[in-house]
file coords.pdb (PDB, C-alpha atoms, pLDDT in the B column)
MODEL        1
ATOM      1  CA  MET A   1      17.148  29.719  10.034  1.00 50.00           C
ATOM      2  CA  SER A   2      17.740  29.377   6.391  1.00 60.00           C
ATOM      3  CA  LYS A   3      15.024  30.165   3.897  1.00 58.00           C
ATOM      4  CA  GLY A   4      14.794  26.538   2.716  1.00 57.00           C
ATOM      5  CA  ILE A   5      14.050  25.181   6.182  1.00 56.00           C
ATOM      6  CA  VAL A   6      11.373  27.805   6.810  1.00 52.00           C
ATOM      7  CA  GLU A   7       9.807  27.069   3.425  1.00 58.00           C
ATOM      8  CA  GLN A   8       9.854  23.322   4.143  1.00 58.00           C
ATOM      9  CA  LYS A   9       8.149  23.877   7.503  1.00 64.00           C
ATOM     10  CA  GLY A  10       5.523  25.986   5.740  1.00 67.00           C
ATOM     11  CA  ARG A  11       4.833  23.186   3.263  1.00 68.00           C
ATOM     12  CA  VAL A  12       4.470  20.618   6.001  1.00 71.00           C
ATOM     13  CA  ALA A  13       2.212  22.914   8.003  1.00 74.00           C
ATOM     14  CA  SER A  14      -0.003  23.615   5.005  1.00 71.00           C
ATOM     15  CA  LEU A  15      -0.218  19.890   4.258  1.00 71.00           C
ATOM     16  CA  LEU A  16      -1.095  19.046   7.851  1.00 73.00           C
ATOM     17  CA  ARG A  17      -3.859  21.667   7.847  1.00 76.00           C
ATOM     18  CA  MET A  18      -5.586  19.902   4.945  1.00 75.00           C
ATOM     19  CA  SER A  19      -8.306  17.626   6.285  1.00 82.00           C
ATOM     20  CA  LEU A  20      -8.005  15.580   3.103  1.00 83.00           C
ATOM     21  CA  PHE A  21      -4.423  14.741   4.097  1.00 83.00           C
ATOM     22  CA  ARG A  22      -5.510  13.496   7.498  1.00 86.00           C
ATOM     23  CA  TYR A  23      -8.340  11.376   6.091  1.00 92.00           C
ATOM     24  CA  SER A  24      -6.496   9.953   3.106  1.00 91.00           C
ATOM     25  CA  SER A  25      -3.330   9.174   5.028  1.00 90.00           C
ATOM     26  CA  SER A  26      -5.393   7.508   7.769  1.00 92.00           C
ATOM     27  CA  VAL A  27      -7.233   5.369   5.237  1.00 95.00           C
ATOM     28  CA  ALA A  28      -4.017   4.531   3.397  1.00 95.00           C
ATOM     29  CA  LEU A  29      -2.078   3.622   6.530  1.00 95.00           C
ATOM     30  CA  LEU A  30      -4.937   1.500   7.865  1.00 97.00           C
ATOM     31  CA  ALA A  31      -5.214  -0.336   4.539  1.00 96.00           C
ATOM     32  CA  ILE A  32      -1.460  -0.932   4.439  1.00 96.00           C
ATOM     33  CA  LEU A  33      -1.463  -2.131   8.029  1.00 97.00           C
ATOM     34  CA  ALA A  34      -4.412  -4.431   7.326  1.00 96.00           C
ATOM     35  CA  SER A  35      -2.654  -5.850   4.268  1.00 95.00           C
ATOM     36  CA  ILE A  36       0.326  -6.705   6.478  1.00 94.00           C
ATOM     37  CA  VAL A  37      -1.703  -8.151   9.357  1.00 95.00           C
ATOM     38  CA  LEU A  38      -4.125 -10.205   7.244  1.00 93.00           C
ATOM     39  CA  PRO A  39      -1.577 -12.674   5.813  1.00 91.00           C
ATOM     40  CA  LEU A  40       0.285 -12.818   9.123  1.00 90.00           C
ATOM     41  CA  TRP A  41      -2.910 -13.712  10.932  1.00 91.00           C
ATOM     42  CA  ARG A  42      -4.459 -16.013   8.348  1.00 86.00           C
ATOM     43  CA  LEU A  43      -1.569 -17.592   6.426  1.00 85.00           C
ATOM     44  CA  PHE A  44       1.759 -17.253   8.133  1.00 79.00           C
ATOM     45  CA  PRO A  45       1.765 -20.451  10.215  1.00 79.00           C
ATOM     46  CA  ASP A  46       0.679 -22.522   7.203  1.00 77.00           C
ATOM     47  CA  ILE A  47       2.913 -21.076   4.485  1.00 76.00           C
ATOM     48  CA  TYR A  48       6.102 -20.350   6.404  1.00 75.00           C
ATOM     49  CA  GLY A  49       8.900 -22.486   5.016  1.00 75.00           C
ATOM     50  CA  ARG A  50       6.975 -23.740   2.001  1.00 78.00           C
ATOM     51  CA  PRO A  51       9.116 -23.561  -1.126  1.00 83.00           C
ATOM     52  CA  VAL A  52       6.260 -22.338  -3.346  1.00 85.00           C
ATOM     53  CA  VAL A  53       2.937 -20.623  -2.658  1.00 85.00           C
ATOM     54  CA  PRO A  54       0.361 -19.392  -5.187  1.00 87.00           C
ATOM     55  CA  LEU A  55       0.545 -15.646  -5.769  1.00 85.00           C
ATOM     56  CA  HIS A  56      -1.887 -15.044  -8.630  1.00 85.00           C
ATOM     57  CA  TYR A  57      -4.933 -16.761 -10.068  1.00 84.00           C
ATOM     58  CA  ASN A  58      -6.143 -16.447 -13.640  1.00 86.00           C
ATOM     59  CA  ILE A  59      -9.648 -17.606 -14.598  1.00 85.00           C
ATOM     60  CA  HIS A  60      -8.347 -19.143 -17.815  1.00 88.00           C
ATOM     61  CA  TYR A  61      -5.313 -21.039 -16.501  1.00 85.00           C
ATOM     62  CA  GLY A  62      -5.762 -21.294 -12.751  1.00 83.00           C
ATOM     63  CA  VAL A  63      -2.749 -20.461 -10.624  1.00 85.00           C
ATOM     64  CA  ASP A  64      -0.242 -18.806 -12.930  1.00 86.00           C
ATOM     65  CA  TRP A  65       2.208 -17.094 -10.554  1.00 88.00           C
ATOM     66  CA  THR A  66       3.927 -18.888  -7.737  1.00 87.00           C
ATOM     67  CA  GLY A  67       6.824 -17.888  -5.585  1.00 86.00           C
ATOM     68  CA  ALA A  68       8.431 -17.946  -2.180  1.00 86.00           C
ATOM     69  CA  TRP A  69       6.206 -17.278   0.831  1.00 85.00           C
ATOM     70  CA  TRP A  70       7.767 -13.876   1.537  1.00 88.00           C
ATOM     71  CA  ARG A  71       6.655 -12.553  -1.867  1.00 89.00           C
ATOM     72  CA  ILE A  72       3.132 -12.216  -0.493  1.00 90.00           C
ATOM     73  CA  PHE A  73       4.429  -9.173   1.383  1.00 92.00           C
ATOM     74  CA  LEU A  74       5.395  -7.364  -1.837  1.00 92.00           C
ATOM     75  CA  LEU A  75       1.896  -5.849  -1.967  1.00 92.00           C
ATOM     76  CA  PRO A  76       2.244  -4.030   1.377  1.00 94.00           C
ATOM     77  CA  MET A  77       5.763  -2.936   0.397  1.00 96.00           C
ATOM     78  CA  MET A  78       4.325  -1.437  -2.782  1.00 95.00           C
ATOM     79  CA  GLY A  79       1.699   0.307  -0.653  1.00 95.00           C
ATOM     80  CA  VAL A  80       4.385   1.842   1.555  1.00 96.00           C
ATOM     81  CA  ALA A  81       6.306   2.990  -1.538  1.00 96.00           C
ATOM     82  CA  PHE A  82       3.158   4.530  -3.085  1.00 95.00           C
ATOM     83  CA  PHE A  83       2.373   6.241   0.217  1.00 95.00           C
ATOM     84  CA  ALA A  84       5.868   7.734   0.483  1.00 95.00           C
ATOM     85  CA  VAL A  85       6.007   8.919  -3.132  1.00 95.00           C
ATOM     86  CA  ASN A  86       2.498  10.380  -3.200  1.00 93.00           C
ATOM     87  CA  THR A  87       2.985  12.098   0.152  1.00 90.00           C
ATOM     88  CA  ALA A  88       6.207  13.628  -1.163  1.00 90.00           C
ATOM     89  CA  ILE A  89       4.351  14.790  -4.269  1.00 90.00           C
ATOM     90  CA  ALA A  90       1.574  16.258  -2.116  1.00 88.00           C
ATOM     91  CA  LEU A  91       4.175  17.948   0.064  1.00 86.00           C
ATOM     92  CA  PHE A  92       5.822  19.442  -3.014  1.00 86.00           C
ATOM     93  CA  PHE A  93       2.525  20.802  -4.354  1.00 84.00           C
ATOM     94  CA  ALA A  94       0.965  21.736  -0.992  1.00 80.00           C
ATOM     95  CA  ARG A  95       1.551  25.475  -1.359  1.00 76.00           C
ATOM     96  CA  ARG A  96       1.909  25.695  -5.126  1.00 82.00           C
ATOM     97  CA  ASN A  97      -1.204  23.929  -6.333  1.00 84.00           C
ATOM     98  CA  ALA A  98      -3.621  22.509  -3.770  1.00 81.00           C
ATOM     99  CA  MET A  99      -5.563  20.610  -6.438  1.00 86.00           C
ATOM    100  CA  LEU A 100      -2.533  18.524  -7.443  1.00 88.00           C
ATOM    101  CA  ALA A 101      -1.776  17.836  -3.799  1.00 85.00           C
ATOM    102  CA  SER A 102      -5.372  16.669  -3.325  1.00 87.00           C
ATOM    103  CA  VAL A 103      -5.143  14.374  -6.342  1.00 91.00           C
ATOM    104  CA  ALA A 104      -1.945  12.817  -4.994  1.00 90.00           C
ATOM    105  CA  LEU A 105      -3.554  12.306  -1.593  1.00 90.00           C
ATOM    106  CA  CYS A 106      -6.696  10.732  -3.043  1.00 92.00           C
ATOM    107  CA  ALA A 107      -4.558   8.495  -5.246  1.00 94.00           C
ATOM    108  CA  THR A 108      -2.697   7.325  -2.155  1.00 93.00           C
ATOM    109  CA  ALA A 109      -5.879   6.189  -0.439  1.00 94.00           C
ATOM    110  CA  ILE A 110      -7.296   4.557  -3.577  1.00 96.00           C
ATOM    111  CA  LEU A 111      -4.068   2.680  -4.334  1.00 96.00           C
ATOM    112  CA  ALA A 112      -3.806   1.458  -0.748  1.00 96.00           C
ATOM    113  CA  LEU A 113      -7.394   0.198  -0.810  1.00 96.00           C
ATOM    114  CA  LEU A 114      -6.808  -1.563  -4.133  1.00 96.00           C
ATOM    115  CA  LEU A 115      -3.675  -3.213  -2.783  1.00 95.00           C
ATOM    116  CA  PHE A 116      -5.636  -4.337   0.270  1.00 96.00           C
ATOM    117  CA  ALA A 117      -8.282  -5.871  -2.011  1.00 96.00           C
ATOM    118  CA  ALA A 118      -5.512  -7.662  -3.908  1.00 93.00           C
ATOM    119  CA  MET A 119      -4.156  -8.961  -0.609  1.00 93.00           C
ATOM    120  CA  VAL A 120      -7.591 -10.283   0.331  1.00 94.00           C
ATOM    121  CA  PHE A 121      -7.664 -12.230  -2.936  1.00 91.00           C
ATOM    122  CA  VAL A 122      -4.125 -13.569  -2.450  1.00 90.00           C
ATOM    123  CA  VAL A 123      -4.985 -14.708   1.071  1.00 90.00           C
ATOM    124  CA  SER A 124      -8.196 -16.389  -0.076  1.00 89.00           C
ATOM    125  CA  LEU A 125      -6.274 -18.063  -2.910  1.00 87.00           C
ATOM    126  CA  ASN A 126      -3.779 -19.490  -0.448  1.00 83.00           C
ATOM    127  CA  VAL A 127      -6.533 -20.640   1.894  1.00 83.00           C
ATOM    128  CA  VAL A 128      -8.245 -22.517  -0.940  1.00 80.00           C
ATOM    129  CA  TYR A 129      -5.095 -24.022  -2.453  1.00 74.00           C
ATOM    130  CA  GLY A 130      -3.277 -24.433   0.858  1.00 63.00           C
TER
ENDMDL
END
call {"tool": "encode", "arguments": {"input": "coords.pdb", "output": "C-alpha coordinates"}}
result
Amino acid sequence: MSKGIVEQKGRVASLLRMSLFRYSSSVALLAILASIVLPLWRLFPDIYGRPVVPLHYNIHYGVDWTGAWWRIFLLPMMGVAFFAVNTAIALFFARRNAMLASVALCATAILALLLFAAMVFVVSLNVVYG
(Lines of atoms letter the chains of each structure in order from A and count residues from 1; the text may use other names and numbers.)
(Lines give C-alpha, C1' and ligand atoms only; values in the text may rest on other atoms or scores of the structure.)
Protein backbone atom coordinates (compact mmCIF):
# COMPACT_ATOMS: atom_id res chain seq x y z
CA MET A 1 0.00 0.00 0.00
CA SER A 2 1.13 3.47 -0.64
CA LYS A 3 1.93 5.81 2.21
CA GLY A 4 -0.97 8.15 1.36
CA ILE A 5 -3.59 5.42 1.64
CA VAL A 6 -2.22 4.22 4.97
CA GLU A 7 -2.14 7.79 6.28
CA GLN A 8 -5.73 8.36 5.12
CA LYS A 9 -6.88 5.19 6.88
CA GLY A 10 -5.12 6.39 10.03
CA ARG A 11 -6.95 9.71 9.88
CA VAL A 12 -10.30 8.03 9.44
CA ALA A 13 -9.58 5.61 12.26
CA SER A 14 -8.53 8.40 14.61
CA LEU A 15 -11.67 10.36 13.71
CA LEU A 16 -13.92 7.36 14.27
CA ARG A 17 -12.35 6.75 17.69
CA MET A 18 -13.40 10.23 18.84
CA SER A 19 -16.67 9.99 20.75
CA LEU A 20 -17.31 13.63 19.88
CA PHE A 21 -17.40 12.63 16.20
CA ARG A 22 -20.00 9.96 16.84
CA TYR A 23 -22.20 12.26 18.93
CA SER A 24 -21.92 15.36 16.77
CA SER A 25 -22.40 13.52 13.50
CA SER A 26 -25.42 11.70 14.95
CA VAL A 27 -26.97 14.96 16.09
CA ALA A 28 -26.18 16.66 12.79
CA LEU A 29 -27.53 13.84 10.64
CA LEU A 30 -30.70 13.57 12.73
CA ALA A 31 -31.27 17.33 12.48
CA ILE A 32 -30.71 17.26 8.72
CA LEU A 33 -33.03 14.30 8.34
CA ALA A 34 -35.67 16.01 10.48
CA SER A 35 -35.38 19.18 8.40
CA ILE A 36 -36.08 17.11 5.28
CA VAL A 37 -38.94 15.09 6.77
CA LEU A 38 -40.73 17.99 8.49
CA PRO A 39 -41.72 19.91 5.33
CA LEU A 40 -42.48 16.67 3.49
CA TRP A 41 -44.80 15.58 6.26
CA ARG A 42 -46.40 18.92 7.07
CA LEU A 43 -46.33 20.97 3.86
CA PHE A 44 -45.69 18.94 0.77
CA PRO A 45 -49.27 18.06 -0.20
CA ASP A 46 -50.38 21.68 0.25
CA ILE A 47 -47.52 23.53 -1.44
CA TYR A 48 -46.64 21.18 -4.28
CA GLY A 49 -47.28 22.93 -7.58
CA ARG A 50 -47.90 26.36 -6.08
CA PRO A 51 -46.05 29.03 -8.05
CA VAL A 52 -44.99 30.97 -4.94
CA VAL A 53 -44.62 30.07 -1.27
CA PRO A 54 -43.37 32.28 1.58
CA LEU A 55 -39.76 31.56 2.52
CA HIS A 56 -38.91 34.27 5.05
CA TYR A 57 -40.81 36.49 7.46
CA ASN A 58 -39.63 39.85 8.73
CA ILE A 59 -41.31 41.47 11.74
CA HIS A 60 -41.21 44.87 10.07
CA TYR A 61 -42.51 43.98 6.60
CA GLY A 62 -44.16 40.60 6.92
CA VAL A 63 -43.31 38.03 4.28
CA ASP A 64 -40.32 39.40 2.39
CA TRP A 65 -38.93 36.37 0.54
CA THR A 66 -41.03 34.16 -1.65
CA GLY A 67 -40.07 31.53 -4.14
CA ALA A 68 -40.85 28.21 -5.72
CA TRP A 69 -41.92 25.37 -3.42
CA TRP A 70 -38.69 23.42 -3.91
CA ARG A 71 -36.63 26.28 -2.43
CA ILE A 72 -37.80 25.22 1.03
CA PHE A 73 -35.36 22.32 0.67
CA LEU A 74 -32.36 24.64 0.32
CA LEU A 75 -31.94 24.59 4.11
CA PRO A 76 -31.38 20.82 4.29
CA MET A 77 -29.07 21.03 1.26
CA MET A 78 -27.03 23.65 3.10
CA GLY A 79 -26.94 21.32 6.11
CA VAL A 80 -25.58 18.48 3.98
CA ALA A 81 -22.94 20.82 2.52
CA PHE A 82 -21.91 22.05 5.99
CA PHE A 83 -21.75 18.46 7.22
CA ALA A 84 -19.52 17.38 4.33
CA VAL A 85 -17.17 20.36 4.57
CA ASN A 86 -16.82 20.27 8.36
CA THR A 87 -16.31 16.51 8.38
CA ALA A 88 -13.58 16.92 5.76
CA ILE A 89 -11.98 19.62 7.91
CA ALA A 90 -12.20 17.38 10.98
CA LEU A 91 -10.71 14.52 8.98
CA PHE A 92 -7.85 16.75 7.87
CA PHE A 93 -7.09 17.87 11.44
CA ALA A 94 -7.86 14.55 13.17
CA ARG A 95 -4.22 13.59 13.73
CA ARG A 96 -2.62 17.02 13.48
CA ASN A 97 -4.65 19.04 15.94
CA ALA A 98 -7.49 17.34 17.81
CA MET A 99 -8.81 20.66 19.12
CA LEU A 100 -9.48 22.01 15.61
CA ALA A 101 -11.15 18.75 14.66
CA SER A 102 -13.36 19.04 17.74
CA VAL A 103 -14.31 22.61 16.87
CA ALA A 104 -15.27 21.56 13.34
CA LEU A 105 -17.36 18.70 14.70
CA CYS A 106 -19.15 20.89 17.24
CA ALA A 107 -19.78 23.49 14.55
CA THR A 108 -21.38 20.81 12.40
CA ALA A 109 -23.88 19.88 15.09
CA ILE A 110 -24.65 23.51 15.99
CA LEU A 111 -25.16 24.53 12.35
CA ALA A 112 -27.43 21.55 11.71
CA LEU A 113 -29.54 22.38 14.76
CA LEU A 114 -29.80 26.03 13.71
CA LEU A 115 -30.86 25.01 10.22
CA PHE A 116 -33.48 22.71 11.73
CA ALA A 117 -34.80 25.62 13.82
CA ALA A 118 -34.97 27.73 10.66
CA MET A 119 -36.90 24.94 8.95
CA VAL A 120 -39.37 24.83 11.83
CA PHE A 121 -40.00 28.55 11.35
CA VAL A 122 -40.37 28.20 7.57
CA VAL A 123 -42.85 25.36 8.02
CA SER A 124 -44.86 27.30 10.60
CA LEU A 125 -44.84 30.34 8.29
CA ASN A 126 -46.26 28.27 5.47
CA VAL A 127 -48.88 26.72 7.73
CA VAL A 128 -50.06 30.17 8.84
CA TYR A 129 -49.99 31.79 5.39
CA GLY A 130 -51.00 28.64 3.51
call {"tool": "resolve_selection", "arguments": {"input": "coords.pdb", "expression": "the PyMOL selection byres ((chain A and resi 51-67) around 10)", "output": "ChimeraX atom specification"}}
result
/A:47-50,68-72,118-119,121-123,125-127,129-130
call {"tool": "resolve_selection", "arguments": {"input": "coords.pdb", "expression": "the PyMOL selection byres ((chain A and resi 31) around 9)", "output": "PyMOL selection string"}}
result
chain A and resi 26-30+32-36+76+79+109+112-116
call {"tool": "atom_distance", "arguments": {"input": "coords.pdb", "atom1": "CA of Ala98 (chain A)", "atom2": "CA of Leu75 (chain A)"}}
result
28.9 Å
call {"tool": "atom_distance", "arguments": {"input": "coords.pdb", "atom1": "CA of Leu105 (chain A)", "atom2": "CA of Thr87 (chain A)"}}
result
6.8 Å
call {"tool": "closest_residue", "arguments": {"input": "coords.pdb", "among": "A:Ala117, A:Phe21, A:Ala107, A:Ala94", "to": "Phe82 (chain A)", "atoms": "all atoms listed in the file"}}
result
A:Ala107
call {"tool": "closest_residue", "arguments": {"input": "coords.pdb", "among": "A:Leu16, A:Val128, A:Leu43, A:Ala104", "to": "Val85 (chain A)", "atoms": "all atoms listed in the file"}}
result
A:Ala104
call {"tool": "atom_distance", "arguments": {"input": "coords.pdb", "atom1": "CA of Ala84 (chain A)", "atom2": "CA of Met99 (chain A)"}}
result
18.6 Å
call {"tool": "axis_aligned_box", "arguments": {"input": "coords.pdb", "around": "region 60-63 of chain A", "padding_each_side": "8 Å", "output": "lines of an AutoDock Vina configuration file"}}
result
center_x = -5.5
center_y = -20.2
center_z = -14.2
size_x = 21.6
size_y = 18.2
size_z = 23.2
call {"tool": "closest_residue", "arguments": {"input": "coords.pdb", "among": "A:Leu91, A:Val120, A:Leu40, A:Leu74", "to": "Ala13 (chain A)", "atoms": "all atoms listed in the file"}}
result
A:Leu91
call {"tool": "closest_residue", "arguments": {"input": "coords.pdb", "among": "A:Val37, A:Val12, A:Leu20, A:Ala81", "to": "Cys106 (chain A)", "atoms": "all atoms listed in the file"}}
result
A:Leu20
call {"tool": "decode", "arguments": {"input": "coords.pdb", "residues": "region 12-24 of chain A", "atoms": "N, CA, C and O atoms", "output": "CSV table (one decimal), in the first residue's frame"}}
result
chain,number,residue,atom,x,y,z
A,12,VAL,N,-8.9,8.5,9.3
A,12,VAL,CA,-10.3,8.0,9.4
A,12,VAL,C,-10.5,7.3,10.7
A,12,VAL,O,-11.4,7.5,11.5
A,13,ALA,N,-9.5,6.4,11.0
A,13,ALA,CA,-9.6,5.6,12.3
A,13,ALA,C,-9.5,6.5,13.5
A,13,ALA,O,-10.2,6.3,14.5
A,14,SER,N,-8.6,7.5,13.4
A,14,SER,CA,-8.5,8.4,14.6
A,14,SER,C,-9.8,9.2,14.8
A,14,SER,O,-10.2,9.6,15.9
A,15,LEU,N,-10.4,9.6,13.6
A,15,LEU,CA,-11.7,10.4,13.7
A,15,LEU,C,-12.8,9.5,14.2
A,15,LEU,O,-13.6,9.9,15.1
A,16,LEU,N,-12.9,8.3,13.8
A,16,LEU,CA,-13.9,7.4,14.3
A,16,LEU,C,-13.8,7.0,15.7
A,16,LEU,O,-14.7,6.7,16.4
A,17,ARG,N,-12.6,7.0,16.3
A,17,ARG,CA,-12.3,6.8,17.7
A,17,ARG,C,-12.8,7.9,18.6
A,17,ARG,O,-13.1,7.7,19.8
A,18,MET,N,-13.0,9.1,18.0
A,18,MET,CA,-13.4,10.2,18.8
A,18,MET,C,-14.9,10.1,19.1
A,18,MET,O,-15.7,10.0,18.2
A,19,SER,N,-15.2,10.1,20.4
A,19,SER,CA,-16.7,10.0,20.7
A,19,SER,C,-17.4,11.3,20.3
A,19,SER,O,-18.6,11.2,20.0
A,20,LEU,N,-16.7,12.4,20.3
A,20,LEU,CA,-17.3,13.6,19.9
A,20,LEU,C,-17.8,13.5,18.4
A,20,LEU,O,-18.8,14.0,18.1
A,21,PHE,N,-17.0,12.8,17.6
A,21,PHE,CA,-17.4,12.6,16.2
A,21,PHE,C,-18.7,11.8,16.1
A,21,PHE,O,-19.6,12.2,15.4
A,22,ARG,N,-18.8,10.8,16.9
A,22,ARG,CA,-20.0,10.0,16.8
A,22,ARG,C,-21.2,10.8,17.3
A,22,ARG,O,-22.3,10.7,16.7
A,23,TYR,N,-21.1,11.5,18.4
A,23,TYR,CA,-22.2,12.3,18.9
A,23,TYR,C,-22.6,13.4,18.0
A,23,TYR,O,-23.8,13.6,17.7
A,24,SER,N,-21.6,14.2,17.6
A,24,SER,CA,-21.9,15.4,16.8
A,24,SER,C,-22.4,15.0,15.4
A,24,SER,O,-23.4,15.6,14.9
